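One file, run16.cif, is given below (mmCIF, C-alpha atoms).
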```cif
data_upload
#
loop_
_atom_site.group_PDB
_atom_site.id
_atom_site.type_symbol
_atom_site.label_atom_id
_atom_site.label_comp_id
_atom_site.auth_asym_id
_atom_site.auth_seq_id
_atom_site.Cartn_x
_atom_site.Cartn_y
_atom_site.Cartn_z
ATOM 1 C CA MET Q 1 144.182 94.739 123.539
ATOM 2 C CA GLY Q 2 146.539 97.658 124.064
ATOM 3 C CA MET Q 3 150.279 97.365 124.270
ATOM 4 C CA LEU Q 4 150.444 98.530 127.872
ATOM 5 C CA THR Q 5 147.956 95.782 128.776
ATOM 6 C CA GLY Q 6 150.570 93.372 127.429
ATOM 7 C CA PHE Q 7 152.664 94.227 130.481
ATOM 8 C CA ALA Q 8 149.945 92.969 132.890
ATOM 9 C CA PRO Q 9 151.821 89.697 133.605
ATOM 10 C CA PHE Q 10 154.866 91.684 134.717
ATOM 11 C CA ILE Q 11 152.749 93.792 137.042
ATOM 12 C CA ALA Q 12 151.127 90.622 138.449
ATOM 13 C CA PHE Q 13 154.604 89.161 138.920
ATOM 14 C CA PHE Q 14 155.876 92.182 140.805
ATOM 15 C CA ILE Q 15 152.849 92.431 143.103
ATOM 16 C CA ALA Q 16 152.671 88.708 143.950
ATOM 17 C CA MET Q 17 156.432 88.475 144.392
ATOM 18 C CA ARG Q 18 156.428 91.380 146.845
ATOM 19 C CA LEU Q 19 153.338 90.171 148.733
ATOM 20 C CA ALA Q 20 154.210 86.478 148.861
ATOM 21 C CA SER Q 21 157.303 85.020 147.182
ATOM 22 C CA PRO Q 22 159.189 84.779 143.891
ATOM 23 C CA LEU Q 23 157.385 81.476 143.184
ATOM 24 C CA ALA Q 24 153.994 83.136 143.726
ATOM 25 C CA GLY Q 25 155.057 85.991 141.451
ATOM 26 C CA LEU Q 26 156.115 83.648 138.661
ATOM 27 C CA ALA Q 27 152.950 81.546 139.017
ATOM 28 C CA SER Q 28 150.722 84.641 138.973
ATOM 29 C CA ALA Q 29 152.479 86.051 135.934
ATOM 30 C CA CYS Q 30 152.280 82.727 134.122
ATOM 31 C CA ALA Q 31 148.544 82.501 134.857
ATOM 32 C CA VAL Q 32 147.912 86.064 133.647
ATOM 33 C CA SER Q 33 149.989 85.417 130.500
ATOM 34 C CA LEU Q 34 148.097 82.220 129.773
ATOM 35 C CA PHE Q 35 144.756 83.942 130.334
ATOM 36 C CA MET Q 36 145.706 86.770 127.974
ATOM 37 C CA CYS Q 37 146.877 84.410 125.217
ATOM 38 C CA LEU Q 38 143.778 82.229 125.538
ATOM 39 C CA ARG Q 39 141.549 85.288 125.487
ATOM 40 C CA MET Q 40 143.187 86.592 122.306
ATOM 41 C CA TRP Q 41 142.975 83.154 120.688
ATOM 42 C CA ARG Q 42 139.308 82.744 121.680
ATOM 43 C CA ARG Q 43 138.439 86.158 120.249
ATOM 44 C CA GLY Q 44 140.233 85.349 116.997
ATOM 45 C CA GLU Q 45 142.811 88.108 117.584
ATOM 46 C CA SER Q 46 146.368 87.707 116.434
ATOM 47 C CA LEU Q 47 148.690 86.459 119.164
ATOM 48 C CA LYS Q 48 151.241 89.134 119.978
ATOM 49 C CA VAL Q 49 154.966 88.649 120.399
ATOM 50 C CA LEU Q 50 154.874 90.276 123.838
ATOM 51 C CA GLU Q 51 152.092 88.052 125.166
ATOM 52 C CA VAL Q 52 153.474 84.806 123.731
ATOM 53 C CA GLY Q 53 157.013 85.735 124.789
ATOM 54 C CA SER Q 54 155.788 86.555 128.299
ATOM 55 C CA LEU Q 55 153.985 83.227 128.552
ATOM 56 C CA ALA Q 56 157.113 81.361 127.456
ATOM 57 C CA LEU Q 57 159.324 83.394 129.803
ATOM 58 C CA PHE Q 58 157.158 82.912 132.882
ATOM 59 C CA ALA Q 59 156.400 79.264 132.129
ATOM 60 C CA LEU Q 60 160.121 78.485 131.763
ATOM 61 C CA LEU Q 61 161.071 80.415 134.898
ATOM 62 C CA LEU Q 62 158.242 78.778 136.849
ATOM 63 C CA LEU Q 63 159.273 75.321 135.652
ATOM 64 C CA TYR Q 64 162.908 76.048 136.519
ATOM 65 C CA THR Q 65 161.915 77.299 139.962
ATOM 66 C CA VAL Q 66 159.793 74.230 140.706
ATOM 67 C CA MET Q 67 162.340 71.755 139.326
ATOM 68 C CA ALA Q 68 165.651 73.270 140.483
ATOM 69 C CA SER Q 69 164.477 75.085 143.646
ATOM 70 C CA PRO Q 70 166.856 78.039 143.250
ATOM 71 C CA GLN Q 71 167.148 80.422 146.164
ATOM 72 C CA TRP Q 72 165.832 83.493 144.378
ATOM 73 C CA THR Q 73 166.401 86.872 145.936
ATOM 74 C CA VAL Q 74 164.095 89.698 144.909
ATOM 75 C CA ALA Q 75 166.880 91.139 142.749
ATOM 76 C CA THR Q 76 167.839 87.846 141.045
ATOM 77 C CA VAL Q 77 164.307 86.871 140.101
ATOM 78 C CA ARG Q 78 163.648 90.415 138.857
ATOM 79 C CA LEU Q 79 166.923 90.240 136.930
ATOM 80 C CA ALA Q 80 165.805 87.015 135.236
ATOM 81 C CA VAL Q 81 162.371 88.440 134.378
ATOM 82 C CA ASP Q 82 163.652 91.822 133.178
ATOM 83 C CA ALA Q 83 166.426 90.172 131.142
ATOM 84 C CA GLY Q 84 163.848 87.890 129.530
ATOM 85 C CA LEU Q 85 161.609 90.825 128.660
ATOM 86 C CA PHE Q 86 164.603 92.750 127.330
ATOM 87 C CA ALA Q 87 165.446 89.749 125.125
ATOM 88 C CA ILE Q 88 161.888 89.667 123.716
ATOM 89 C CA VAL Q 89 162.014 93.374 122.855
ATOM 90 C CA ALA Q 90 165.594 93.305 121.529
ATOM 91 C CA ILE Q 91 164.946 90.279 119.324
ATOM 92 C CA SER Q 92 161.858 91.958 117.867
ATOM 93 C CA LEU Q 93 164.067 94.917 116.923
ATOM 94 C CA ALA Q 94 166.900 92.745 115.628
ATOM 95 C CA ILE Q 95 164.615 90.862 113.238
ATOM 96 C CA GLY Q 96 163.063 94.100 111.997
ATOM 97 C CA ARG Q 97 159.621 93.452 113.517
ATOM 98 C CA PRO Q 98 159.318 95.799 116.501
ATOM 99 C CA PHE Q 99 156.862 94.341 118.984
ATOM 100 C CA THR Q 100 154.824 97.572 118.924
ATOM 101 C CA LEU Q 101 153.823 97.044 115.269
ATOM 102 C CA GLN Q 102 151.200 94.453 116.164
ATOM 103 C CA TYR Q 103 149.469 96.869 118.530
ATOM 104 C CA ALA Q 104 149.798 99.902 116.259
ATOM 105 C CA ARG Q 105 148.281 98.040 113.335
ATOM 106 C CA GLU Q 106 145.146 97.467 115.401
ATOM 107 C CA ARG Q 107 144.629 101.247 115.624
ATOM 108 C CA VAL Q 108 146.000 102.518 112.319
ATOM 109 C CA PRO Q 109 144.403 101.969 108.886
ATOM 110 C CA GLN Q 110 146.174 99.322 106.789
ATOM 111 C CA GLU Q 111 147.137 101.863 104.127
ATOM 112 C CA TYR Q 112 149.756 103.291 106.542
ATOM 113 C CA TRP Q 113 151.274 100.009 107.731
ATOM 114 C CA ASN Q 114 154.235 100.154 105.349
ATOM 115 C CA ALA Q 115 154.707 103.919 105.479
ATOM 116 C CA PRO Q 116 158.269 104.852 106.480
ATOM 117 C CA ARG Q 117 157.036 107.222 109.209
ATOM 118 C CA PHE Q 118 154.759 104.557 110.740
ATOM 119 C CA LEU Q 119 157.578 102.002 110.761
ATOM 120 C CA ALA Q 120 160.074 104.525 112.181
ATOM 121 C CA VAL Q 121 157.706 105.524 114.996
ATOM 122 C CA ASN Q 122 157.335 101.872 115.974
ATOM 123 C CA ARG Q 123 161.080 101.288 115.860
ATOM 124 C CA HIS Q 124 161.633 104.317 118.087
ATOM 125 C CA ILE Q 125 158.997 103.258 120.606
ATOM 126 C CA THR Q 126 160.384 99.721 120.721
ATOM 127 C CA LEU Q 127 163.885 101.150 121.098
ATOM 128 C CA ALA Q 128 162.672 103.268 124.021
ATOM 129 C CA TRP Q 129 161.374 100.102 125.679
ATOM 130 C CA ALA Q 130 164.679 98.343 124.990
ATOM 131 C CA VAL Q 131 166.590 101.194 126.647
ATOM 132 C CA ALA Q 132 164.220 101.194 129.630
ATOM 133 C CA LEU Q 133 164.593 97.437 130.015
ATOM 134 C CA ALA Q 134 168.379 97.655 129.719
ATOM 135 C CA ILE Q 135 168.320 100.185 132.566
ATOM 136 C CA MET Q 136 166.114 97.835 134.590
ATOM 137 C CA VAL Q 137 168.438 94.885 133.975
ATOM 138 C CA ALA Q 138 171.480 96.961 134.952
ATOM 139 C CA ALA Q 139 169.717 98.146 138.117
ATOM 140 C CA ASP Q 140 168.700 94.580 139.020
ATOM 141 C CA ALA Q 141 172.226 93.279 138.439
ATOM 142 C CA SER Q 142 173.702 96.125 140.462
ATOM 143 C CA ALA Q 143 171.332 95.493 143.373
ATOM 144 C CA GLU Q 144 172.212 91.807 143.355
ATOM 145 C CA TYR Q 145 175.949 91.900 142.762
ATOM 146 C CA VAL Q 146 177.110 95.253 144.188
ATOM 147 C CA SER Q 147 176.549 95.171 147.933
ATOM 148 C CA ALA Q 148 176.861 98.952 148.302
ATOM 149 C CA ILE Q 149 173.722 99.493 146.193
ATOM 150 C CA PRO Q 150 170.502 99.141 148.186
ATOM 151 C CA LEU Q 151 167.379 97.510 146.753
ATOM 152 C CA TRP Q 152 165.434 100.777 146.826
ATOM 153 C CA ILE Q 153 167.744 102.201 144.138
ATOM 154 C CA ASP Q 154 166.935 99.198 141.936
ATOM 155 C CA ILE Q 155 163.223 99.774 142.479
ATOM 156 C CA ALA Q 156 163.496 103.538 141.868
ATOM 157 C CA ALA Q 157 165.460 102.983 138.641
ATOM 158 C CA THR Q 158 162.912 100.397 137.502
ATOM 159 C CA VAL Q 159 159.949 102.672 138.181
ATOM 160 C CA ALA Q 160 161.637 105.634 136.478
ATOM 161 C CA ALA Q 161 162.646 103.601 133.411
ATOM 162 C CA PHE Q 162 159.192 102.025 133.085
ATOM 163 C CA ALA Q 163 157.428 105.377 133.538
ATOM 164 C CA GLY Q 164 159.727 106.978 130.979
ATOM 165 C CA ALA Q 165 158.942 104.276 128.418
ATOM 166 C CA VAL Q 166 155.199 104.593 129.053
ATOM 167 C CA ILE Q 167 155.298 108.383 128.694
ATOM 168 C CA PHE Q 168 157.347 108.119 125.493
ATOM 169 C CA THR Q 169 154.942 105.485 124.112
ATOM 170 C CA VAL Q 170 151.963 107.738 124.754
ATOM 171 C CA ARG Q 171 153.436 111.083 123.674
ATOM 172 C CA TYR Q 172 155.800 110.308 120.808
ATOM 173 C CA PRO Q 173 153.243 109.264 118.151
ATOM 174 C CA ALA Q 174 151.201 112.401 118.838
ATOM 175 C CA ALA Q 175 154.318 114.586 118.549
ATOM 176 C CA VAL Q 176 155.242 112.964 115.218
ATOM 177 C CA ARG Q 177 151.672 113.418 113.978
ATOM 178 C CA ARG Q 178 151.679 117.130 114.949
ATOM 179 C CA ALA Q 179 155.030 117.657 113.228
ATOM 180 C CA ALA Q 180 153.770 115.957 110.056
ATOM 181 C CA GLU Q 181 150.590 118.040 110.076
ATOM 182 C CA ALA Q 182 152.601 121.233 110.576
ATOM 183 C CA ALA Q 183 154.900 120.289 107.686
ATOM 184 C CA ALA Q 184 151.923 119.521 105.463
ATOM 185 C CA ALA Q 185 150.281 122.828 106.388
ATOM 186 C CA GLY Q 186 153.546 124.637 105.592
ATOM 187 C CA GLN Q 187 153.735 122.993 102.178
ATOM 188 C CA THR Q 188 150.117 123.878 101.454
ATOM 189 C CA ARG Q 189 150.815 127.575 102.093
ATOM 190 C CA ALA Q 190 153.943 127.585 99.934
#
```
If you took the structure in this file and wrote it as structure tokens, what would it be?
Amino acid sequence: MGMLTGFAPFIAFFIAMRLASPLAGLASACAVSLFMCLRMWRRGESLKVLEVGSLALFALLLLYTVMASPQWTVATVRLAVDAGLFAIVAISLAIGRPFTLQYARERVPQEYWNAPRFLAVNRHITLAWAVALAIMVAADASAEYVSAIPLWIDIAATVAAFAGAVIFTVRYPAAVRRAAEAAAAGQTRA
């Protein structure tokens, strides 16, 4: 399963929250997370940090919502979700196991898994996601706690940050590969 597919619960959350309610968004995201984890387990695939972290995040937020009945606004529930996702990504970086490694190792031969370039590319991609999520958290907090900032700015910042991270995730490995090939070709001529 690709890394971007790992964000499916967050997309389900956003759609259901906007169409129905924060509770519906959390329940939908929890169901999608559970489905994804069960599917990986059933197929004998390794469970990924992003999928397991998402399941824990949405299950805890859903339980909290059912038990405590908070009056979520769109911005506060998005703030909680984006902060939780940021924590998952930041912790993976802090412990030296960027969440992207699990996905990259499914596509890259094992002989490259410990190569400095492979590890650096994954750190950079995970860092790009951490920056995007930090922007999203800041936008959510601003929309909730600064009355002069309208919700559409929060949404625009979120879409821009997410799109930027996706584009970086797709393009950066190819750029690094081209640079390495160019360097190798230069050394061959010398």
Here atom CA of Q:Ile149 and atom CA of Q:Leu133 stand apart by 18.7 Å
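The gap separating atom CA of Q:Val81 from atom CA of Q:Ser33 is 13.3 Å, in Å to one decimal.
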Can you work out the spacing between atom CA of Q:Ser54 and atom CA of Q:Trp129 in Å, to one decimal?
14.9 Å
Closest of Q:Val176, Q:Ala157, Q:Ala75, Q:Leu34 to Q:His124 - atom-to-atom distances counting only C-alpha atoms:
Q:Val176
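For Q:Asp154, the non-local neighbours within 12 Å, defined as residues at least 2 positions apart in the same chain or in other chains and counting all atoms listed in the file, are Val74, Ala75, Thr76, Arg78, Leu79, Asp82, Ile135, Met136, Val137, Ala138, Ala139, Asp140, Ala141, Ser142, Ala143, Glu144, Tyr145, Val146, Ala148, Ile149, Pro150, Leu151, Trp152, Ala156, Ala157, Thr158, Val159, Ala160 and Ala161 of chain Q.
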Residue contacts of stretch 92-104 of chain Q (10 Å, only C-alpha atoms) excluding same-chain residues fewer than 2 positions away, as a PDB file with C-alpha atoms, in the coordinates of the input:
```pdb
ATOM      1  CA  MET Q   1     144.182  94.739 123.539  1.00  0.00           C
ATOM      2  CA  GLY Q   2     146.539  97.658 124.064  1.00  0.00           C
ATOM      3  CA  MET Q   3     150.279  97.365 124.270  1.00  0.00           C
ATOM      4  CA  LEU Q   4     150.444  98.530 127.872  1.00  0.00           C
ATOM      5  CA  GLY Q   6     150.570  93.372 127.429  1.00  0.00           C
ATOM      6  CA  SER Q  46     146.368  87.707 116.434  1.00  0.00           C
ATOM      7  CA  LEU Q  47     148.690  86.459 119.164  1.00  0.00           C
ATOM      8  CA  LYS Q  48     151.241  89.134 119.978  1.00  0.00           C
ATOM      9  CA  VAL Q  49     154.966  88.649 120.399  1.00  0.00           C
ATOM     10  CA  LEU Q  50     154.874  90.276 123.838  1.00  0.00           C
ATOM     11  CA  PHE Q  86     164.603  92.750 127.330  1.00  0.00           C
ATOM     12  CA  ALA Q  87     165.446  89.749 125.125  1.00  0.00           C
ATOM     13  CA  ILE Q  88     161.888  89.667 123.716  1.00  0.00           C
ATOM     14  CA  VAL Q  89     162.014  93.374 122.855  1.00  0.00           C
ATOM     15  CA  ALA Q  90     165.594  93.305 121.529  1.00  0.00           C
ATOM     16  CA  GLU Q 106     145.146  97.467 115.401  1.00  0.00           C
ATOM     17  CA  ARG Q 107     144.629 101.247 115.624  1.00  0.00           C
ATOM     18  CA  VAL Q 108     146.000 102.518 112.319  1.00  0.00           C
ATOM     19  CA  PRO Q 109     144.403 101.969 108.886  1.00  0.00           C
ATOM     20  CA  TRP Q 113     151.274 100.009 107.731  1.00  0.00           C
ATOM     21  CA  PHE Q 118     154.759 104.557 110.740  1.00  0.00           C
ATOM     22  CA  LEU Q 119     157.578 102.002 110.761  1.00  0.00           C
ATOM     23  CA  ALA Q 120     160.074 104.525 112.181  1.00  0.00           C
ATOM     24  CA  VAL Q 121     157.706 105.524 114.996  1.00  0.00           C
ATOM     25  CA  ASN Q 122     157.335 101.872 115.974  1.00  0.00           C
ATOM     26  CA  ARG Q 123     161.080 101.288 115.860  1.00  0.00           C
ATOM     27  CA  HIS Q 124     161.633 104.317 118.087  1.00  0.00           C
ATOM     28  CA  ILE Q 125     158.997 103.258 120.606  1.00  0.00           C
ATOM     29  CA  THR Q 126     160.384  99.721 120.721  1.00  0.00           C
ATOM     30  CA  LEU Q 127     163.885 101.150 121.098  1.00  0.00           C
ATOM     31  CA  TRP Q 129     161.374 100.102 125.679  1.00  0.00           C
ATOM     32  CA  ALA Q 130     164.679  98.343 124.990  1.00  0.00           C
ATOM     33  CA  THR Q 169     154.942 105.485 124.112  1.00  0.00           C
TER      34      THR Q 169
END
```
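Compared by their closest atoms to Q:Met67, and using only C-alpha atoms, the residues Q:Ala80, Q:Ala115, Q:Leu23, Q:Ile15 rank with Q:Leu23 nearest.
Minimum atom-to-atom distance to Q:Phe168, evaluated using all atoms listed in the file, belongs to Q:Ala132 out of Q:Leu57, Q:Cys30, Q:Ala132, Q:Ala184.
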Listed atoms of stretch 119-124 of chain Q, axis-aligned box, 8 Å per side: centre and edge lengths to one decimal in Å, as lines of an AutoDock Vina configuration file?
```
center_x = 159.5
center_y = 103.4
center_z = 114.4
size_x = 20.3
size_y = 20.2
size_z = 23.3
```
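Using all atoms listed in the file, the smallest distance between any of Q:Ala180, Q:Glu51, Q:Thr73, Q:Ala185 and Q:Arg39 comes from Q:Glu51.
Closest approach to Q:Met17 from the set Q:Ala165, Q:Val77, Q:Leu55, Q:Ile91 is made by Q:Val77, with distances taken over all atoms listed in the file.
Among the candidate residues Q:Ala8, Q:Val170, Q:Ile153, Q:Ala20, the one lying nearest to Q:Val32 is Q:Ala8, with distances computed using all atoms listed in the file.
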